[in-house]
Every structure is written in structure tokens, then in C-alpha cells.
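Shown here: data27.pdb, PDB, N, CA and C atoms.
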ATOM      1  N   ILE T  19     -25.071  22.370 -63.335  1.00  0.00           N
ATOM      2  CA  ILE T  19     -24.429  21.090 -63.046  1.00  0.00           C
ATOM      3  C   ILE T  19     -22.922  21.250 -63.179  1.00  0.00           C
ATOM      4  N   ARG T  20     -22.207  20.320 -62.567  1.00  0.00           N
ATOM      5  CA  ARG T  20     -20.744  20.417 -62.616  1.00  0.00           C
ATOM      6  C   ARG T  20     -20.124  19.016 -62.582  1.00  0.00           C
ATOM      7  N   LYS T  21     -18.867  18.961 -62.905  1.00  0.00           N
ATOM      8  CA  LYS T  21     -18.114  17.708 -62.947  1.00  0.00           C
ATOM      9  C   LYS T  21     -18.193  16.998 -61.601  1.00  0.00           C
ATOM     10  N   GLY T  22     -18.376  15.678 -61.663  1.00  0.00           N
ATOM     11  CA  GLY T  22     -18.396  14.868 -60.454  1.00  0.00           C
ATOM     12  C   GLY T  22     -19.771  14.606 -59.875  1.00  0.00           C
ATOM     13  N   MET T  23     -20.788  15.322 -60.324  1.00  0.00           N
ATOM     14  CA  MET T  23     -22.136  15.095 -59.799  1.00  0.00           C
ATOM     15  C   MET T  23     -22.616  13.708 -60.218  1.00  0.00           C
ATOM     16  N   THR T  24     -23.314  13.022 -59.323  1.00  0.00           N
ATOM     17  CA  THR T  24     -23.834  11.681 -59.591  1.00  0.00           C
ATOM     18  C   THR T  24     -25.145  11.784 -60.358  1.00  0.00           C
ATOM     19  N   VAL T  25     -25.285  10.933 -61.389  1.00  0.00           N
ATOM     20  CA  VAL T  25     -26.462  10.947 -62.251  1.00  0.00           C
ATOM     21  C   VAL T  25     -27.311   9.716 -61.962  1.00  0.00           C
ATOM     22  N   TYR T  26     -28.628   9.931 -61.771  1.00  0.00           N
ATOM     23  CA  TYR T  26     -29.582   8.858 -61.511  1.00  0.00           C
ATOM     24  C   TYR T  26     -30.670   8.866 -62.573  1.00  0.00           C
ATOM     25  N   GLY T  27     -31.170   7.679 -62.898  1.00  0.00           N
ATOM     26  CA  GLY T  27     -32.286   7.562 -63.824  1.00  0.00           C
ATOM     27  C   GLY T  27     -33.598   7.888 -63.128  1.00  0.00           C
ATOM     28  N   SER T  28     -34.679   7.930 -63.895  1.00  0.00           N
ATOM     29  CA  SER T  28     -35.979   8.306 -63.346  1.00  0.00           C
ATOM     30  C   SER T  28     -36.480   7.321 -62.291  1.00  0.00           C
ATOM     31  N   ALA T  29     -36.043   6.050 -62.362  1.00  0.00           N
ATOM     32  CA  ALA T  29     -36.467   5.050 -61.384  1.00  0.00           C
ATOM     33  C   ALA T  29     -35.493   4.940 -60.211  1.00  0.00           C
ATOM     34  N   GLY T  30     -34.455   5.783 -60.179  1.00  0.00           N
ATOM     35  CA  GLY T  30     -33.531   5.821 -59.055  1.00  0.00           C
ATOM     36  C   GLY T  30     -32.225   5.069 -59.236  1.00  0.00           C
ATOM     37  N   ALA T  31     -32.032   4.406 -60.385  1.00  0.00           N
ATOM     38  CA  ALA T  31     -30.781   3.675 -60.613  1.00  0.00           C
ATOM     39  C   ALA T  31     -29.629   4.651 -60.846  1.00  0.00           C
ATOM     40  N   LYS T  32     -28.489   4.384 -60.222  1.00  0.00           N
ATOM     41  CA  LYS T  32     -27.299   5.213 -60.432  1.00  0.00           C
ATOM     42  C   LYS T  32     -26.742   4.906 -61.816  1.00  0.00           C
ATOM     43  N   LEU T  33     -26.555   5.944 -62.628  1.00  0.00           N
ATOM     44  CA  LEU T  33     -26.115   5.772 -64.006  1.00  0.00           C
ATOM     45  C   LEU T  33     -24.653   6.126 -64.217  1.00  0.00           C
ATOM     46  N   GLY T  34     -24.106   7.035 -63.438  1.00  0.00           N
ATOM     47  CA  GLY T  34     -22.720   7.442 -63.616  1.00  0.00           C
ATOM     48  C   GLY T  34     -22.468   8.799 -62.994  1.00  0.00           C
ATOM     49  N   ALA T  35     -21.472   9.519 -63.559  1.00  0.00           N
ATOM     50  CA  ALA T  35     -21.090  10.830 -63.030  1.00  0.00           C
ATOM     51  C   ALA T  35     -20.847  11.804 -64.185  1.00  0.00           C
ATOM     52  N   ILE T  36     -21.154  13.062 -63.946  1.00  0.00           N
ATOM     53  CA  ILE T  36     -20.926  14.118 -64.936  1.00  0.00           C
ATOM     54  C   ILE T  36     -19.422  14.321 -65.126  1.00  0.00           C
ATOM     55  N   THR T  37     -18.978  14.386 -66.384  1.00  0.00           N
ATOM     56  CA  THR T  37     -17.574  14.696 -66.652  1.00  0.00           C
ATOM     57  C   THR T  37     -17.421  16.069 -67.291  1.00  0.00           C
ATOM     58  N   GLU T  38     -18.461  16.538 -67.992  1.00  0.00           N
ATOM     59  CA  GLU T  38     -18.413  17.873 -68.574  1.00  0.00           C
ATOM     60  C   GLU T  38     -19.821  18.306 -68.964  1.00  0.00           C
ATOM     61  N   ALA T  39     -19.982  19.621 -69.146  1.00  0.00           N
ATOM     62  CA  ALA T  39     -21.274  20.169 -69.540  1.00  0.00           C
ATOM     63  C   ALA T  39     -21.069  21.420 -70.388  1.00  0.00           C
ATOM     64  N   ASP T  40     -21.978  21.616 -71.327  1.00  0.00           N
ATOM     65  CA  ASP T  40     -21.987  22.826 -72.147  1.00  0.00           C
ATOM     66  C   ASP T  40     -23.259  23.586 -71.815  1.00  0.00           C
ATOM     67  N   PHE T  41     -23.142  24.898 -71.727  1.00  0.00           N
ATOM     68  CA  PHE T  41     -24.274  25.718 -71.312  1.00  0.00           C
ATOM     69  C   PHE T  41     -24.723  26.665 -72.418  1.00  0.00           C
ATOM     70  N   ARG T  42     -26.026  26.942 -72.442  1.00  0.00           N
ATOM     71  CA  ARG T  42     -26.599  27.923 -73.375  1.00  0.00           C
ATOM     72  C   ARG T  42     -26.309  29.324 -72.847  1.00  0.00           C
ATOM     73  N   SER T  43     -26.537  30.310 -73.684  1.00  0.00           N
ATOM     74  CA  SER T  43     -26.288  31.700 -73.277  1.00  0.00           C
ATOM     75  C   SER T  43     -27.204  32.137 -72.123  1.00  0.00           C
ATOM     76  N   ASP T  44     -28.364  31.471 -71.960  1.00  0.00           N
ATOM     77  CA  ASP T  44     -29.266  31.828 -70.860  1.00  0.00           C
ATOM     78  C   ASP T  44     -28.913  31.116 -69.552  1.00  0.00           C
ATOM     79  N   GLY T  45     -27.822  30.328 -69.567  1.00  0.00           N
ATOM     80  CA  GLY T  45     -27.382  29.632 -68.358  1.00  0.00           C
ATOM     81  C   GLY T  45     -27.900  28.216 -68.238  1.00  0.00           C
ATOM     82  N   GLY T  46     -28.844  27.826 -69.095  1.00  0.00           N
ATOM     83  CA  GLY T  46     -29.366  26.459 -69.078  1.00  0.00           C
ATOM     84  C   GLY T  46     -28.349  25.480 -69.639  1.00  0.00           C
ATOM     85  N   VAL T  47     -28.562  24.206 -69.378  1.00  0.00           N
ATOM     86  CA  VAL T  47     -27.653  23.164 -69.848  1.00  0.00           C
ATOM     87  C   VAL T  47     -27.992  22.797 -71.291  1.00  0.00           C
ATOM     88  N   GLU T  48     -27.022  22.948 -72.176  1.00  0.00           N
ATOM     89  CA  GLU T  48     -27.189  22.563 -73.584  1.00  0.00           C
ATOM     90  C   GLU T  48     -27.067  21.042 -73.711  1.00  0.00           C
ATOM     91  N   ASN T  49     -25.950  20.499 -73.224  1.00  0.00           N
ATOM     92  CA  ASN T  49     -25.734  19.059 -73.188  1.00  0.00           C
ATOM     93  C   ASN T  49     -24.681  18.752 -72.120  1.00  0.00           C
ATOM     94  N   PHE T  50     -24.585  17.476 -71.780  1.00  0.00           N
ATOM     95  CA  PHE T  50     -23.643  17.074 -70.747  1.00  0.00           C
ATOM     96  C   PHE T  50     -23.189  15.644 -71.016  1.00  0.00           C
ATOM     97  N   THR T  51     -22.025  15.291 -70.471  1.00  0.00           N
ATOM     98  CA  THR T  51     -21.456  13.964 -70.673  1.00  0.00           C
ATOM     99  C   THR T  51     -21.448  13.207 -69.350  1.00  0.00           C
ATOM    100  N   VAL T  52     -21.870  11.939 -69.421  1.00  0.00           N
ATOM    101  CA  VAL T  52     -21.908  11.065 -68.251  1.00  0.00           C
ATOM    102  C   VAL T  52     -20.913   9.933 -68.453  1.00  0.00           C
ATOM    103  N   GLU T  53     -20.006   9.755 -67.483  1.00  0.00           N
ATOM    104  CA  GLU T  53     -19.089   8.624 -67.487  1.00  0.00           C
ATOM    105  C   GLU T  53     -19.763   7.485 -66.732  1.00  0.00           C
ATOM    106  N   HIS T  54     -19.744   6.290 -67.336  1.00  0.00           N
ATOM    107  CA  HIS T  54     -20.406   5.139 -66.715  1.00  0.00           C
ATOM    108  C   HIS T  54     -19.583   3.883 -66.948  1.00  0.00           C
ATOM    109  N   GLY T  55     -19.925   2.826 -66.228  1.00  0.00           N
ATOM    110  CA  GLY T  55     -19.218   1.553 -66.351  1.00  0.00           C
ATOM    111  C   GLY T  55     -18.339   1.302 -65.145  1.00  0.00           C
ATOM    112  N   LEU T  56     -18.230   0.037 -64.769  1.00  0.00           N
ATOM    113  CA  LEU T  56     -17.443  -0.305 -63.589  1.00  0.00           C
ATOM    114  C   LEU T  56     -15.967  -0.494 -63.898  1.00  0.00           C
ATOM    115  N   VAL T  57     -15.669  -1.281 -64.920  1.00  0.00           N
ATOM    116  CA  VAL T  57     -14.279  -1.579 -65.247  1.00  0.00           C
ATOM    117  C   VAL T  57     -13.802  -0.718 -66.410  1.00  0.00           C
ATOM    118  N   PHE T  58     -14.515  -0.822 -67.516  1.00  0.00           N
ATOM    119  CA  PHE T  58     -14.160  -0.039 -68.707  1.00  0.00           C
ATOM    120  C   PHE T  58     -15.070   1.184 -68.753  1.00  0.00           C
ATOM    121  N   LYS T  59     -14.510   2.352 -68.484  1.00  0.00           N
ATOM    122  CA  LYS T  59     -15.296   3.576 -68.451  1.00  0.00           C
ATOM    123  C   LYS T  59     -15.680   4.002 -69.867  1.00  0.00           C
ATOM    124  N   LYS T  60     -16.960   4.304 -70.051  1.00  0.00           N
ATOM    125  CA  LYS T  60     -17.494   4.791 -71.317  1.00  0.00           C
ATOM    126  C   LYS T  60     -18.193   6.114 -71.037  1.00  0.00           C
ATOM    127  N   HIS T  61     -18.550   6.820 -72.092  1.00  0.00           N
ATOM    128  CA  HIS T  61     -19.175   8.128 -71.946  1.00  0.00           C
ATOM    129  C   HIS T  61     -20.384   8.238 -72.869  1.00  0.00           C
ATOM    130  N   LYS T  62     -21.416   8.905 -72.393  1.00  0.00           N
ATOM    131  CA  LYS T  62     -22.606   9.196 -73.184  1.00  0.00           C
ATOM    132  C   LYS T  62     -22.867  10.686 -73.101  1.00  0.00           C
ATOM    133  N   GLN T  63     -23.186  11.296 -74.235  1.00  0.00           N
ATOM    134  CA  GLN T  63     -23.545  12.711 -74.233  1.00  0.00           C
ATOM    135  C   GLN T  63     -25.065  12.812 -74.343  1.00  0.00           C
ATOM    136  N   LEU T  64     -25.652  13.589 -73.448  1.00  0.00           N
ATOM    137  CA  LEU T  64     -27.095  13.728 -73.395  1.00  0.00           C
ATOM    138  C   LEU T  64     -27.487  15.196 -73.508  1.00  0.00           C
ATOM    139  N   PRO T  65     -28.679  15.466 -74.043  1.00  0.00           N
ATOM    140  CA  PRO T  65     -29.165  16.842 -74.100  1.00  0.00           C
ATOM    141  C   PRO T  65     -29.648  17.297 -72.725  1.00  0.00           C
ATOM    142  N   GLY T  66     -29.537  18.570 -72.464  1.00  0.00           N
ATOM    143  CA  GLY T  66     -29.951  19.111 -71.177  1.00  0.00           C
ATOM    144  C   GLY T  66     -31.418  18.927 -70.857  1.00  0.00           C
ATOM    145  N   ASP T  67     -32.254  18.749 -71.891  1.00  0.00           N
ATOM    146  CA  ASP T  67     -33.694  18.636 -71.625  1.00  0.00           C
ATOM    147  C   ASP T  67     -34.108  17.296 -71.015  1.00  0.00           C
ATOM    148  N   VAL T  68     -33.161  16.359 -70.802  1.00  0.00           N
ATOM    149  CA  VAL T  68     -33.497  15.109 -70.116  1.00  0.00           C
ATOM    150  C   VAL T  68     -33.299  15.220 -68.604  1.00  0.00           C
ATOM    151  N   ILE T  69     -32.861  16.384 -68.131  1.00  0.00           N
ATOM    152  CA  ILE T  69     -32.681  16.589 -66.692  1.00  0.00           C
ATOM    153  C   ILE T  69     -34.028  16.894 -66.050  1.00  0.00           C
ATOM    154  N   GLN T  70     -34.386  16.084 -65.051  1.00  0.00           N
ATOM    155  CA  GLN T  70     -35.626  16.304 -64.316  1.00  0.00           C
ATOM    156  C   GLN T  70     -35.407  17.271 -63.159  1.00  0.00           C
ATOM    157  N   GLU T  71     -34.365  17.009 -62.357  1.00  0.00           N
ATOM    158  CA  GLU T  71     -34.065  17.900 -61.239  1.00  0.00           C
ATOM    159  C   GLU T  71     -32.610  17.764 -60.816  1.00  0.00           C
ATOM    160  N   ILE T  72     -32.124  18.811 -60.169  1.00  0.00           N
ATOM    161  CA  ILE T  72     -30.769  18.841 -59.636  1.00  0.00           C
ATOM    162  C   ILE T  72     -30.895  19.190 -58.157  1.00  0.00           C
ATOM    163  N   THR T  73     -30.368  18.305 -57.306  1.00  0.00           N
ATOM    164  CA  THR T  73     -30.407  18.549 -55.863  1.00  0.00           C
ATOM    165  C   THR T  73     -29.056  18.200 -55.265  1.00  0.00           C
ATOM    166  N   GLY T  74     -28.447  19.154 -54.615  1.00  0.00           N
ATOM    167  CA  GLY T  74     -27.143  18.912 -53.999  1.00  0.00           C
ATOM    168  C   GLY T  74     -26.126  18.458 -55.019  1.00  0.00           C
ATOM    169  N   GLU T  75     -25.608  17.249 -54.847  1.00  0.00           N
ATOM    170  CA  GLU T  75     -24.614  16.670 -55.754  1.00  0.00           C
ATOM    171  C   GLU T  75     -25.223  15.625 -56.687  1.00  0.00           C
ATOM    172  N   GLU T  76     -26.556  15.648 -56.851  1.00  0.00           N
ATOM    173  CA  GLU T  76     -27.243  14.641 -57.649  1.00  0.00           C
ATOM    174  C   GLU T  76     -28.039  15.261 -58.789  1.00  0.00           C
ATOM    175  N   VAL T  77     -28.037  14.551 -59.915  1.00  0.00           N
ATOM    176  CA  VAL T  77     -28.826  14.942 -61.082  1.00  0.00           C
ATOM    177  C   VAL T  77     -29.757  13.779 -61.396  1.00  0.00           C
ATOM    178  N   ARG T  78     -31.058  14.028 -61.418  1.00  0.00           N
ATOM    179  CA  ARG T  78     -32.037  12.988 -61.762  1.00  0.00           C
ATOM    180  C   ARG T  78     -32.553  13.274 -63.165  1.00  0.00           C
ATOM    181  N   LEU T  79     -32.592  12.205 -63.987  1.00  0.00           N
ATOM    182  CA  LEU T  79     -33.014  12.345 -65.372  1.00  0.00           C
ATOM    183  C   LEU T  79     -34.476  11.943 -65.574  1.00  0.00           C
ATOM    184  N   LEU T  80     -35.039  12.376 -66.683  1.00  0.00           N
ATOM    185  CA  LEU T  80     -36.389  11.992 -67.063  1.00  0.00           C
ATOM    186  C   LEU T  80     -36.420  10.607 -67.693  1.00  0.00           C
ATOM    187  N   ILE T  81     -35.257  10.061 -68.037  1.00  0.00           N
ATOM    188  CA  ILE T  81     -35.183   8.747 -68.655  1.00  0.00           C
ATOM    189  C   ILE T  81     -34.719   7.716 -67.635  1.00  0.00           C
ATOM    190  N   ASP T  82     -35.082   6.449 -67.881  1.00  0.00           N
ATOM    191  CA  ASP T  82     -34.672   5.401 -66.953  1.00  0.00           C
ATOM    192  C   ASP T  82     -33.399   4.704 -67.441  1.00  0.00           C
ATOM    193  N   GLU T  83     -32.969   3.710 -66.695  1.00  0.00           N
ATOM    194  CA  GLU T  83     -31.724   3.009 -66.999  1.00  0.00           C
ATOM    195  C   GLU T  83     -31.763   2.347 -68.383  1.00  0.00           C
ATOM    196  N   THR T  84     -32.903   1.782 -68.754  1.00  0.00           N
ATOM    197  CA  THR T  84     -33.032   1.122 -70.058  1.00  0.00           C
ATOM    198  C   THR T  84     -32.844   2.120 -71.192  1.00  0.00           C
ATOM    199  N   GLU T  85     -33.489   3.270 -71.088  1.00  0.00           N
ATOM    200  CA  GLU T  85     -33.355   4.300 -72.122  1.00  0.00           C
ATOM    201  C   GLU T  85     -31.921   4.833 -72.174  1.00  0.00           C
ATOM    202  N   PHE T  86     -31.298   4.994 -71.020  1.00  0.00           N
ATOM    203  CA  PHE T  86     -29.911   5.449 -70.948  1.00  0.00           C
ATOM    204  C   PHE T  86     -28.995   4.470 -71.684  1.00  0.00           C
ATOM    205  N   ASP T  87     -29.216   3.174 -71.455  1.00  0.00           N
ATOM    206  CA  ASP T  87     -28.380   2.146 -72.090  1.00  0.00           C
ATOM    207  C   ASP T  87     -28.498   2.167 -73.610  1.00  0.00           C
ATOM    208  N   LEU T  88     -29.629   2.625 -74.146  1.00  0.00           N
ATOM    209  CA  LEU T  88     -29.836   2.666 -75.592  1.00  0.00           C
ATOM    210  C   LEU T  88     -29.080   3.806 -76.275  1.00  0.00           C
ATOM    211  N   ILE T  89     -28.637   4.781 -75.507  1.00  0.00           N
ATOM    212  CA  ILE T  89     -27.881   5.908 -76.067  1.00  0.00           C
ATOM    213  C   ILE T  89     -26.476   5.429 -76.392  1.00  0.00           C
ATOM    214  N   GLN T  90     -26.019   5.733 -77.595  1.00  0.00           N
ATOM    215  CA  GLN T  90     -24.705   5.273 -78.037  1.00  0.00           C
ATOM    216  C   GLN T  90     -23.583   5.955 -77.244  1.00  0.00           C
ATOM    217  N   ASN T  91     -22.570   5.169 -76.897  1.00  0.00           N
ATOM    218  CA  ASN T  91     -21.400   5.708 -76.219  1.00  0.00           C
ATOM    219  C   ASN T  91     -20.604   6.567 -77.197  1.00  0.00           C
ATOM    220  N   THR T  92     -20.034   7.656 -76.705  1.00  0.00           N
ATOM    221  CA  THR T  92     -19.264   8.552 -77.582  1.00  0.00           C
ATOM    222  C   THR T  92     -18.070   7.828 -78.192  1.00  0.00           C
ATOM    223  N   GLU T  93     -17.519   6.850 -77.486  1.00  0.00           N
ATOM    224  CA  GLU T  93     -16.381   6.089 -77.997  1.00  0.00           C
ATOM    225  C   GLU T  93     -16.770   5.235 -79.223  1.00  0.00           C
ATOM    226  N   ASP T  94     -18.058   4.927 -79.351  1.00  0.00           N
ATOM    227  CA  ASP T  94     -18.537   4.059 -80.424  1.00  0.00           C
ATOM    228  C   ASP T  94     -19.054   4.832 -81.641  1.00  0.00           C
ATOM    229  N   ILE T  95     -19.089   6.141 -81.550  1.00  0.00           N
ATOM    230  CA  ILE T  95     -19.579   6.972 -82.666  1.00  0.00           C
ATOM    231  C   ILE T  95     -18.428   7.212 -83.631  1.00  0.00           C
ATOM    232  N   GLU T  96     -18.662   6.869 -84.885  1.00  0.00           N
ATOM    233  CA  GLU T  96     -17.621   7.079 -85.900  1.00  0.00           C
ATOM    234  C   GLU T  96     -17.587   8.533 -86.344  1.00  0.00           C
ATOM    235  N   ALA T  97     -16.406   9.048 -86.529  1.00  0.00           N
ATOM    236  CA  ALA T  97     -16.242  10.443 -86.932  1.00  0.00           C
ATOM    237  C   ALA T  97     -16.672  10.658 -88.375  1.00  0.00           C
TER     238      ALA T  97
END

Can you present the structure in this file as C-alpha cells?
Amino acid sequence: IRKGMTVYGSAGAKLGAITEADFRSDGGVENFTVEHGLVFKKHKQLPGDVIQEITGEEVRLLIDETEFDLIQNTEDIEA
């Protein structure tokens, strides 16, 4: 995966776009960050194991929009 790819939930809802990704030594995705929101951009970091498939410029997740919304935004996590 790479920056700018569009992320969709399991039911097809557009969730946001990839802003960064970390990879394991075997080339698999360790985790990735999705930028979302229309006016105020927020970010969520997700583990690579929630990726269902990657096709062209799209990433489809195993989770749906509701589950995505439950993940805390990185801006809201206290250090």
C-alpha cells in the first residue's frame, strides 16, 4: 500500500485515504494510517491484518464503517 490510496470498509463505504504505512521485514503491512473527515481531518492507525484486499488504488478492509468509527483518532490519544 502507499500514500493516497482510497480506503473502503467491508460494506463499500469510503472511509478515507492512506497517509502512511509501516512494513514488516517480510514486506507485509505492519500498520497504516488513514486520514478521514470532510472539514476537520483526523487520523486513525490500523493494524495491517484488517486489510481484506488491495486492488489498483483501493484498499478494502475487513471492518465496516461502524467499526472504523469506534477506533480512536490518533489526535485524541494522550501521550

Ranking T:Leu80, T:Ala29, T:Ile89, T:Val68 by minimum distance to His54 of chain T and counting only C-alpha atoms, which one comes first?
T:Ile89

Pick from T:Lys60, T:Gly27, T:Ile69, T:Thr37: nearest to Asp94 of chain T, with only C-alpha atoms counted?
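Nearest candidate to Asp94 of chain T out of T:Lys60, T:Gly27, T:Ile69, T:Thr37: T:Lys60.
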
As an exercise, work out the distance from atom CA of Phe50 of chain T to atom CA of Gly74 of chain T in Å and give it to one decimal place.
17.2 Å

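Going from atom CA of Glu93 of chain T to atom CA of Ile19 of chain T covers 22.7 Å.
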
I need the strand (DSSP E) residues of chain T per DSSP on the backbone, written as an MDAnalysis selection string.
chainID T and resid 24:26 32:41 47:54 60:65 69:73 76:79

Limited to N, CA and C atoms, could you put the picked residues into a file as an mmCIF file, in the frame of the given file?
data_model
loop_
_atom_site.group_PDB
_atom_site.id
_atom_site.type_symbol
_atom_site.label_atom_id
_atom_site.label_comp_id
_atom_site.auth_asym_id
_atom_site.auth_seq_id
_atom_site.Cartn_x
_atom_site.Cartn_y
_atom_site.Cartn_z
ATOM 1 N N THR T 24 -23.314 13.022 -59.323
ATOM 2 C CA THR T 24 -23.834 11.681 -59.591
ATOM 3 C C THR T 24 -25.145 11.784 -60.358
ATOM 4 N N VAL T 25 -25.285 10.933 -61.389
ATOM 5 C CA VAL T 25 -26.462 10.947 -62.251
ATOM 6 C C VAL T 25 -27.311 9.716 -61.962
ATOM 7 N N TYR T 26 -28.628 9.931 -61.771
ATOM 8 C CA TYR T 26 -29.582 8.858 -61.511
ATOM 9 C C TYR T 26 -30.670 8.866 -62.573
ATOM 10 N N LYS T 32 -28.489 4.384 -60.222
ATOM 11 C CA LYS T 32 -27.299 5.213 -60.432
ATOM 12 C C LYS T 32 -26.742 4.906 -61.816
ATOM 13 N N LEU T 33 -26.555 5.944 -62.628
ATOM 14 C CA LEU T 33 -26.115 5.772 -64.006
ATOM 15 C C LEU T 33 -24.653 6.126 -64.217
ATOM 16 N N GLY T 34 -24.106 7.035 -63.438
ATOM 17 C CA GLY T 34 -22.720 7.442 -63.616
ATOM 18 C C GLY T 34 -22.468 8.799 -62.994
ATOM 19 N N ALA T 35 -21.472 9.519 -63.559
ATOM 20 C CA ALA T 35 -21.090 10.830 -63.030
ATOM 21 C C ALA T 35 -20.847 11.804 -64.185
ATOM 22 N N ILE T 36 -21.154 13.062 -63.946
ATOM 23 C CA ILE T 36 -20.926 14.118 -64.936
ATOM 24 C C ILE T 36 -19.422 14.321 -65.126
ATOM 25 N N THR T 37 -18.978 14.386 -66.384
ATOM 26 C CA THR T 37 -17.574 14.696 -66.652
ATOM 27 C C THR T 37 -17.421 16.069 -67.291
ATOM 28 N N GLU T 38 -18.461 16.538 -67.992
ATOM 29 C CA GLU T 38 -18.413 17.873 -68.574
ATOM 30 C C GLU T 38 -19.821 18.306 -68.964
ATOM 31 N N ALA T 39 -19.982 19.621 -69.146
ATOM 32 C CA ALA T 39 -21.274 20.169 -69.540
ATOM 33 C C ALA T 39 -21.069 21.420 -70.388
ATOM 34 N N ASP T 40 -21.978 21.616 -71.327
ATOM 35 C CA ASP T 40 -21.987 22.826 -72.147
ATOM 36 C C ASP T 40 -23.259 23.586 -71.815
ATOM 37 N N PHE T 41 -23.142 24.898 -71.727
ATOM 38 C CA PHE T 41 -24.274 25.718 -71.312
ATOM 39 C C PHE T 41 -24.723 26.665 -72.418
ATOM 40 N N VAL T 47 -28.562 24.206 -69.378
ATOM 41 C CA VAL T 47 -27.653 23.164 -69.848
ATOM 42 C C VAL T 47 -27.992 22.797 -71.291
ATOM 43 N N GLU T 48 -27.022 22.948 -72.176
ATOM 44 C CA GLU T 48 -27.189 22.563 -73.584
ATOM 45 C C GLU T 48 -27.067 21.042 -73.711
ATOM 46 N N ASN T 49 -25.950 20.499 -73.224
ATOM 47 C CA ASN T 49 -25.734 19.059 -73.188
ATOM 48 C C ASN T 49 -24.681 18.752 -72.120
ATOM 49 N N PHE T 50 -24.585 17.476 -71.780
ATOM 50 C CA PHE T 50 -23.643 17.074 -70.747
ATOM 51 C C PHE T 50 -23.189 15.644 -71.016
ATOM 52 N N THR T 51 -22.025 15.291 -70.471
ATOM 53 C CA THR T 51 -21.456 13.964 -70.673
ATOM 54 C C THR T 51 -21.448 13.207 -69.350
ATOM 55 N N VAL T 52 -21.870 11.939 -69.421
ATOM 56 C CA VAL T 52 -21.908 11.065 -68.251
ATOM 57 C C VAL T 52 -20.913 9.933 -68.453
ATOM 58 N N GLU T 53 -20.006 9.755 -67.483
ATOM 59 C CA GLU T 53 -19.089 8.624 -67.487
ATOM 60 C C GLU T 53 -19.763 7.485 -66.732
ATOM 61 N N HIS T 54 -19.744 6.290 -67.336
ATOM 62 C CA HIS T 54 -20.406 5.139 -66.715
ATOM 63 C C HIS T 54 -19.583 3.883 -66.948
ATOM 64 N N LYS T 60 -16.960 4.304 -70.051
ATOM 65 C CA LYS T 60 -17.494 4.791 -71.317
ATOM 66 C C LYS T 60 -18.193 6.114 -71.037
ATOM 67 N N HIS T 61 -18.550 6.820 -72.092
ATOM 68 C CA HIS T 61 -19.175 8.128 -71.946
ATOM 69 C C HIS T 61 -20.384 8.238 -72.869
ATOM 70 N N LYS T 62 -21.416 8.905 -72.393
ATOM 71 C CA LYS T 62 -22.606 9.196 -73.184
ATOM 72 C C LYS T 62 -22.867 10.686 -73.101
ATOM 73 N N GLN T 63 -23.186 11.296 -74.235
ATOM 74 C CA GLN T 63 -23.545 12.711 -74.233
ATOM 75 C C GLN T 63 -25.065 12.812 -74.343
ATOM 76 N N LEU T 64 -25.652 13.589 -73.448
ATOM 77 C CA LEU T 64 -27.095 13.728 -73.395
ATOM 78 C C LEU T 64 -27.487 15.196 -73.508
ATOM 79 N N PRO T 65 -28.679 15.466 -74.043
ATOM 80 C CA PRO T 65 -29.165 16.842 -74.100
ATOM 81 C C PRO T 65 -29.648 17.297 -72.725
ATOM 82 N N ILE T 69 -32.861 16.384 -68.131
ATOM 83 C CA ILE T 69 -32.681 16.589 -66.692
ATOM 84 C C ILE T 69 -34.028 16.894 -66.050
ATOM 85 N N GLN T 70 -34.386 16.084 -65.051
ATOM 86 C CA GLN T 70 -35.626 16.304 -64.316
ATOM 87 C C GLN T 70 -35.407 17.271 -63.159
ATOM 88 N N GLU T 71 -34.365 17.009 -62.357
ATOM 89 C CA GLU T 71 -34.065 17.900 -61.239
ATOM 90 C C GLU T 71 -32.610 17.764 -60.816
ATOM 91 N N ILE T 72 -32.124 18.811 -60.169
ATOM 92 C CA ILE T 72 -30.769 18.841 -59.636
ATOM 93 C C ILE T 72 -30.895 19.190 -58.157
ATOM 94 N N THR T 73 -30.368 18.305 -57.306
ATOM 95 C CA THR T 73 -30.407 18.549 -55.863
ATOM 96 C C THR T 73 -29.056 18.200 -55.265
ATOM 97 N N GLU T 76 -26.556 15.648 -56.851
ATOM 98 C CA GLU T 76 -27.243 14.641 -57.649
ATOM 99 C C GLU T 76 -28.039 15.261 -58.789
ATOM 100 N N VAL T 77 -28.037 14.551 -59.915
ATOM 101 C CA VAL T 77 -28.826 14.942 -61.082
ATOM 102 C C VAL T 77 -29.757 13.779 -61.396
ATOM 103 N N ARG T 78 -31.058 14.028 -61.418
ATOM 104 C CA ARG T 78 -32.037 12.988 -61.762
ATOM 105 C C ARG T 78 -32.553 13.274 -63.165
ATOM 106 N N LEU T 79 -32.592 12.205 -63.987
ATOM 107 C CA LEU T 79 -33.014 12.345 -65.372
ATOM 108 C C LEU T 79 -34.476 11.943 -65.574
#

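Between atom CA of Ile36 of chain T and atom N of Glu75 of chain T the interatomic distance comes to 11.6 Å.
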
Run through the PyMOL selection byres (((chain T and resi 90 and name CA) around 12) and name CA) on the given coordinates and return the selected residues as a list in words.
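After applying the PyMOL selection byres (((chain T and resi 90 and name CA) around 12) and name CA), what remains is Thr51, Val52, Lys60, His61, Lys62, Gln63, Leu64, Glu85, Phe86, Asp87, Leu88, Ile89, Asn91, Thr92, Glu93, Asp94, Ile95 and Glu96 of chain T.
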
Using only C-alpha atoms, find the one residue out of T:Glu71, T:Gly66, T:Ser28, T:Leu33 that sits nearest to Glu53 of chain T.
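Checking each candidate against Glu53 of chain T, we get T:Leu33 as the closest.
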
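Backbone DSSP assigns helix (DSSP H, G or I) in chain T to Gly66, Asp67, Val68, Glu83, Thr84, Glu85, Phe86, Asp87, Leu88, Thr92, Glu93 and Asp94 of chain T.
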
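At a cut-off of 9 Å from (-19.8, 1.0, -62.4), the residue set is Lys32, Leu33, Gly34, His54, Gly55, Leu56, Val57, Phe58 and Lys59 of chain T (counting only C-alpha atoms).
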
Counting all atoms listed in the file, the residue of T:Thr84, T:Asp44, T:Asn49, T:Arg78 that sits nearest Tyr26 of chain T:
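Among the listed residues, T:Arg78 lies closest to Tyr26 of chain T.
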
Could you tell me which of T:Gly46, T:Gln70, T:Val77, T:Asp40 comes closest to Thr24 of chain T if we count all atoms listed in the file?
T:Val77
